[in-house]
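Below: one structure, written as structure tokens.
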Amino acid sequence: MAGGAGRPGPGPGEPLCCCEYVARGGERAHLVAVLCDCQDLDEGCDRLLTCRSLPPGMLERIADTVSDRFRIPWFTGAVKVNVSLIPPLVLLPVFLHVAALHFLLAFVILTSLPIVVLWYYYLTHRRKEQTLFFLSLGLFSLGYMYYVFLREVVPQGHVHHAQVALLTCGLVLMLVALSRAKRDPGYLPSCTSNDKSPCQGSTKLLSRKVLGIANGLQGAAGPGVPSSRVVNGDTKGYSRTPAEGSAEAKEDWCPKCQVVQPARAGHCRLCGRCVRRLDHHCVWINSCVGEQNHQAFILVLSFFLLTAVYGIMLTLNTICRGQATFLALFYCPGVYSDYSSALSFTCVWYCTIVTSGMGYILLIQLLNISYNVTEREARMALRDNSGRRLLGGLVIDTVKLLAP
């Protein structure tokens with residue numbers, strides 16, 4: 001399947017114009033020709049029009065072609081745009097505005113949205129694919145709720161400037177914590193990455209083995225040689241081949257990253273890296289949660305929870321005057337008689353659904369921290385039948401799993 005124009009790729013000194021790009025096949029293409037030369041798309045349309053089934057793999061090839069050609073002009077050449085960013089930007093405002101027309105529409109849409117999001121999560125999780133959909137949905141939801149608050153709620157005159165400033169500070173603090181959580185979660189250096197230091201450590205160990213200095217202990221490392229074992233969860237040397245290590249080292253060996261994992265580390269199939277004290281891969285930040293960003297992840301959830309609850313209270317106190325905050329969430333007479341109030345009330349319910357989900361995640365995280373267990377260890381304990389459920393299944397006791 002060719003991409004756009006069929007000219008060869010640019011040479012080392014040949015720049016691209018703002019509307020040109022290098023397609024997957026290495027050929028030079030132009031945005032004007034994005035709809036040209038796509039045999040799979042043409043065949044797929046023909047089969048759909050004639051009610052014939054598509055051959056296996058055709059939908060995936062069409063999706064790959066569309067994602068490769070979806071670009072915007074830029075100074076150094078057309079920049080590729082991740083397709084998964086687009087649906088939240090378009091569908092969320094449309095759904096919320098439609099839901100504000102009638103309470104029955106609001107019930108159907110607000111009930112369907114979580115189901116669709118969960119379905120897409122399990123779909124991407126089963127395919128082991130990384131996607132920016134959830135990060136885009138989360139960030140755009142924050143921005144759009146803040147926009148509706150400033151446009152529809154604040155002008156009614158019942159929210160003071162200090163309250164708006166406090167809500168804005170909470171939002172900024174959450175974004176700062178999110179930027180910190182998006183940094184390195186504690187990746188282990190691997191021989192498959194650009195960092196060659198762990199490979200050099202393996203070479204040293206292999207050289208010492210050849211020289212016969214191991215004294216019969218294939219996994220032992222002398223002074224100055226990187227070791228794979230940990231003290232209080234900390235380690236600096238990670239690389240060792242399984243042939244050079246003990247039986248325990250073979251169990252901790254990651255064949256994909258070519259490293260021996262320290263205690264409580266794990267390999268993330270989505271990121272393709274080993275992470276120290278891996279908790280889980282969070283789709284909402286599109287990154288792993290590990291040793292170095294776990295605290296920031298907790299701060300993100302905490303700031304979001306406090307800010308969202310505060311914003312919900314301010315909105316309900318404005319559009320449902322005289323009603324108790326909790327009662328106004330379920331009974332607000334006349335709210336759908338005015339479209340502005342109806343939109344604000346719909347956004348309140350959307351925020352309530354999202355906040356409930358994030359509150360559940362924060363609760364699980366705090367309980368896991370109190371029991372000194374990670375989400376990954378809890379899943380492993382359930383899979384191996386080596387743990388027991390506590391607090392109604394909210395916490396998994398992994399004493400047997402962590403015991404030496």
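Chain lettering (A, B, ...) mirrors the order of the structure tokens, residue numbering begins at 1 for each chain separately, and ligand numbering begins at 1 in order of display.
Every protein or nucleic acid residue with an atom no more than 10 Å from Val154 (chain A), counting only C-alpha atoms and leaving out same-chain residues fewer than 3 positions away, appears here: Val148, Phe149, Leu150, Arg151, Gly157, His158, Val159, His160, His161, Gln163, Val164, Leu314, Thr315 and Thr318 of chain A.
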For the selection just defined, write its residues with N, CA and C atoms to a file, as a PDB file, in the first residue's frame.
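Resulting contents of out-v3.pdb:
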```
ATOM      1  N   VAL A 148     -17.035  25.738  31.018  1.00  0.00           N
ATOM      2  CA  VAL A 148     -18.468  25.848  31.302  1.00  0.00           C
ATOM      3  C   VAL A 148     -18.696  26.575  32.626  1.00  0.00           C
ATOM      4  N   PHE A 149     -17.833  26.308  33.605  1.00  0.00           N
ATOM      5  CA  PHE A 149     -17.955  26.965  34.903  1.00  0.00           C
ATOM      6  C   PHE A 149     -17.780  28.481  34.762  1.00  0.00           C
ATOM      7  N   LEU A 150     -16.761  28.889  34.006  1.00  0.00           N
ATOM      8  CA  LEU A 150     -16.512  30.322  33.840  1.00  0.00           C
ATOM      9  C   LEU A 150     -17.571  30.989  32.971  1.00  0.00           C
ATOM     10  N   ARG A 151     -18.102  30.269  31.997  1.00  0.00           N
ATOM     11  CA  ARG A 151     -19.029  30.857  31.044  1.00  0.00           C
ATOM     12  C   ARG A 151     -20.474  30.862  31.539  1.00  0.00           C
ATOM     13  N   GLY A 157     -23.276  35.510  39.252  1.00  0.00           N
ATOM     14  CA  GLY A 157     -22.981  36.417  40.352  1.00  0.00           C
ATOM     15  C   GLY A 157     -22.974  35.812  41.738  1.00  0.00           C
ATOM     16  N   HIS A 158     -23.109  34.492  41.850  1.00  0.00           N
ATOM     17  CA  HIS A 158     -23.124  33.874  43.177  1.00  0.00           C
ATOM     18  C   HIS A 158     -21.775  33.268  43.568  1.00  0.00           C
ATOM     19  N   VAL A 159     -20.797  33.323  42.679  1.00  0.00           N
ATOM     20  CA  VAL A 159     -19.458  32.798  42.960  1.00  0.00           C
ATOM     21  C   VAL A 159     -18.500  33.977  43.068  1.00  0.00           C
ATOM     22  N   HIS A 160     -17.778  34.050  44.186  1.00  0.00           N
ATOM     23  CA  HIS A 160     -16.861  35.157  44.423  1.00  0.00           C
ATOM     24  C   HIS A 160     -15.536  34.919  43.691  1.00  0.00           C
ATOM     25  N   HIS A 161     -14.792  35.992  43.521  1.00  0.00           N
ATOM     26  CA  HIS A 161     -13.502  35.907  42.838  1.00  0.00           C
ATOM     27  C   HIS A 161     -12.518  35.026  43.612  1.00  0.00           C
ATOM     28  N   GLN A 163     -13.249  32.425  45.354  1.00  0.00           N
ATOM     29  CA  GLN A 163     -13.601  31.029  45.101  1.00  0.00           C
ATOM     30  C   GLN A 163     -13.128  30.571  43.720  1.00  0.00           C
ATOM     31  N   VAL A 164     -13.238  31.445  42.734  1.00  0.00           N
ATOM     32  CA  VAL A 164     -12.719  31.115  41.394  1.00  0.00           C
ATOM     33  C   VAL A 164     -11.206  30.936  41.449  1.00  0.00           C
ATOM     34  N   LEU A 314     -19.785  24.460  44.224  1.00  0.00           N
ATOM     35  CA  LEU A 314     -20.025  25.835  43.781  1.00  0.00           C
ATOM     36  C   LEU A 314     -21.103  25.899  42.705  1.00  0.00           C
ATOM     37  N   THR A 315     -21.084  24.949  41.791  1.00  0.00           N
ATOM     38  CA  THR A 315     -22.067  24.955  40.701  1.00  0.00           C
ATOM     39  C   THR A 315     -23.465  24.670  41.216  1.00  0.00           C
ATOM     40  N   THR A 318     -25.083  27.447  42.969  1.00  0.00           N
ATOM     41  CA  THR A 318     -25.464  28.557  42.091  1.00  0.00           C
ATOM     42  C   THR A 318     -26.747  28.263  41.331  1.00  0.00           C
TER      43      THR A 318
END
```
Could the residues of region 266-383 of chain A that have an atom at most 12 Å from region 115-123 of chain A be listed as CSV, each with its closest atom pair and the distance in Å to one decimal, counting only C-alpha atoms and ordered by chain and ascending residue number?
```
residue,atom,partner,partner_atom,distance
A:Cys282,CA,A:Tyr121,CA,10.9
A:Val283,CA,A:Tyr121,CA,8.3
A:Trp284,CA,A:Tyr121,CA,10.4
A:Ile353,CA,A:Ile115,CA,11.7
A:Val354,CA,A:Val117,CA,11.1
A:Gly357,CA,A:Leu118,CA,11.3
```
Filtering to N, CA and C atoms, could you give me those residues as a JSON list (two decimals), in the first residue's frame?
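Final output, saved to part33.json:
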```
[["chain", "number", "residue", "atom", "x", "y", "z"],
["A", 282, "CYS", "N", -1.06, 3.13, 34.09],
["A", 282, "CYS", "CA", -2.28, 3.94, 34.18],
["A", 282, "CYS", "C", -2.57, 4.57, 32.83],
["A", 283, "VAL", "N", -3.73, 4.25, 32.28],
["A", 283, "VAL", "CA", -4.09, 4.79, 30.97],
["A", 283, "VAL", "C", -4.45, 6.27, 31.06],
["A", 284, "TRP", "N", -4.82, 6.75, 32.24],
["A", 284, "TRP", "CA", -5.23, 8.15, 32.38],
["A", 284, "TRP", "C", -4.04, 9.10, 32.33],
["A", 353, "ILE", "N", -19.69, 11.50, 38.09],
["A", 353, "ILE", "CA", -19.36, 10.14, 37.64],
["A", 353, "ILE", "C", -17.85, 9.95, 37.56],
["A", 354, "VAL", "N", -17.16, 10.92, 36.95],
["A", 354, "VAL", "CA", -15.71, 10.82, 36.82],
["A", 354, "VAL", "C", -15.04, 10.86, 38.19],
["A", 357, "GLY", "N", -15.22, 7.57, 40.01],
["A", 357, "GLY", "CA", -14.23, 6.61, 39.53],
["A", 357, "GLY", "C", -12.84, 6.91, 40.04]]
```
> Please, which residues of region 22-194 of chain A, numbered as in this document, come out alpha helix (DSSP H) from DSSP, as an MDAnalysis selection string?
Replying inline: chainID A and resid 39:49 58:69 86:99 103:127 133:148 161:181
> How many Å lie between CA of Thr131 (chain A) and CA of Leu85 (chain A), rounded to one decimal?
Replying inline: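 Straight-line distance from CA of Thr131 (chain A) to CA of Leu85 (chain A) works out to 8.6 Å.
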> In Å, how far is it from CA of Leu382 (chain A) to CA of Ile396 (chain A)?
Replying inline: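 These two atoms are separated by 7.8 Å.
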>> Quick one: residues within 12 Å of Leu96 (chain A), only C-alpha atoms, excluding same-chain residues fewer than 3 positions away - as a ChimeraX atom specification?
In response: /A:88-93,99-103,105-110,113,141,144-145,148,339-340,342-351
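Using only C-alpha atoms for every distance, the candidate list A:Val153, A:Leu175, A:Ile62, A:Ala181 yields A:Ala181 as the residue closest to Ala296 (chain A).
When only C-alpha atoms are used to measure the gap to Arg180 (chain A), the shortest distance among A:Val300, A:Cys257, A:Ile72, A:Cys332 belongs to A:Val300.
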> Pick from A:Ser287, A:Ser179, A:Ser337, A:Gln39: nearest to Arg269 (chain A), with only C-alpha atoms counted?
Replying inline: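 Between A:Ser287, A:Ser179, A:Ser337, A:Gln39, the residue approaching Arg269 (chain A) most closely is A:Ser287.
Using only C-alpha atoms for every distance, the candidate list A:Val66, A:Ile369, A:Val79, A:Leu390 yields A:Val66 as the residue closest to Cys38 (chain A).
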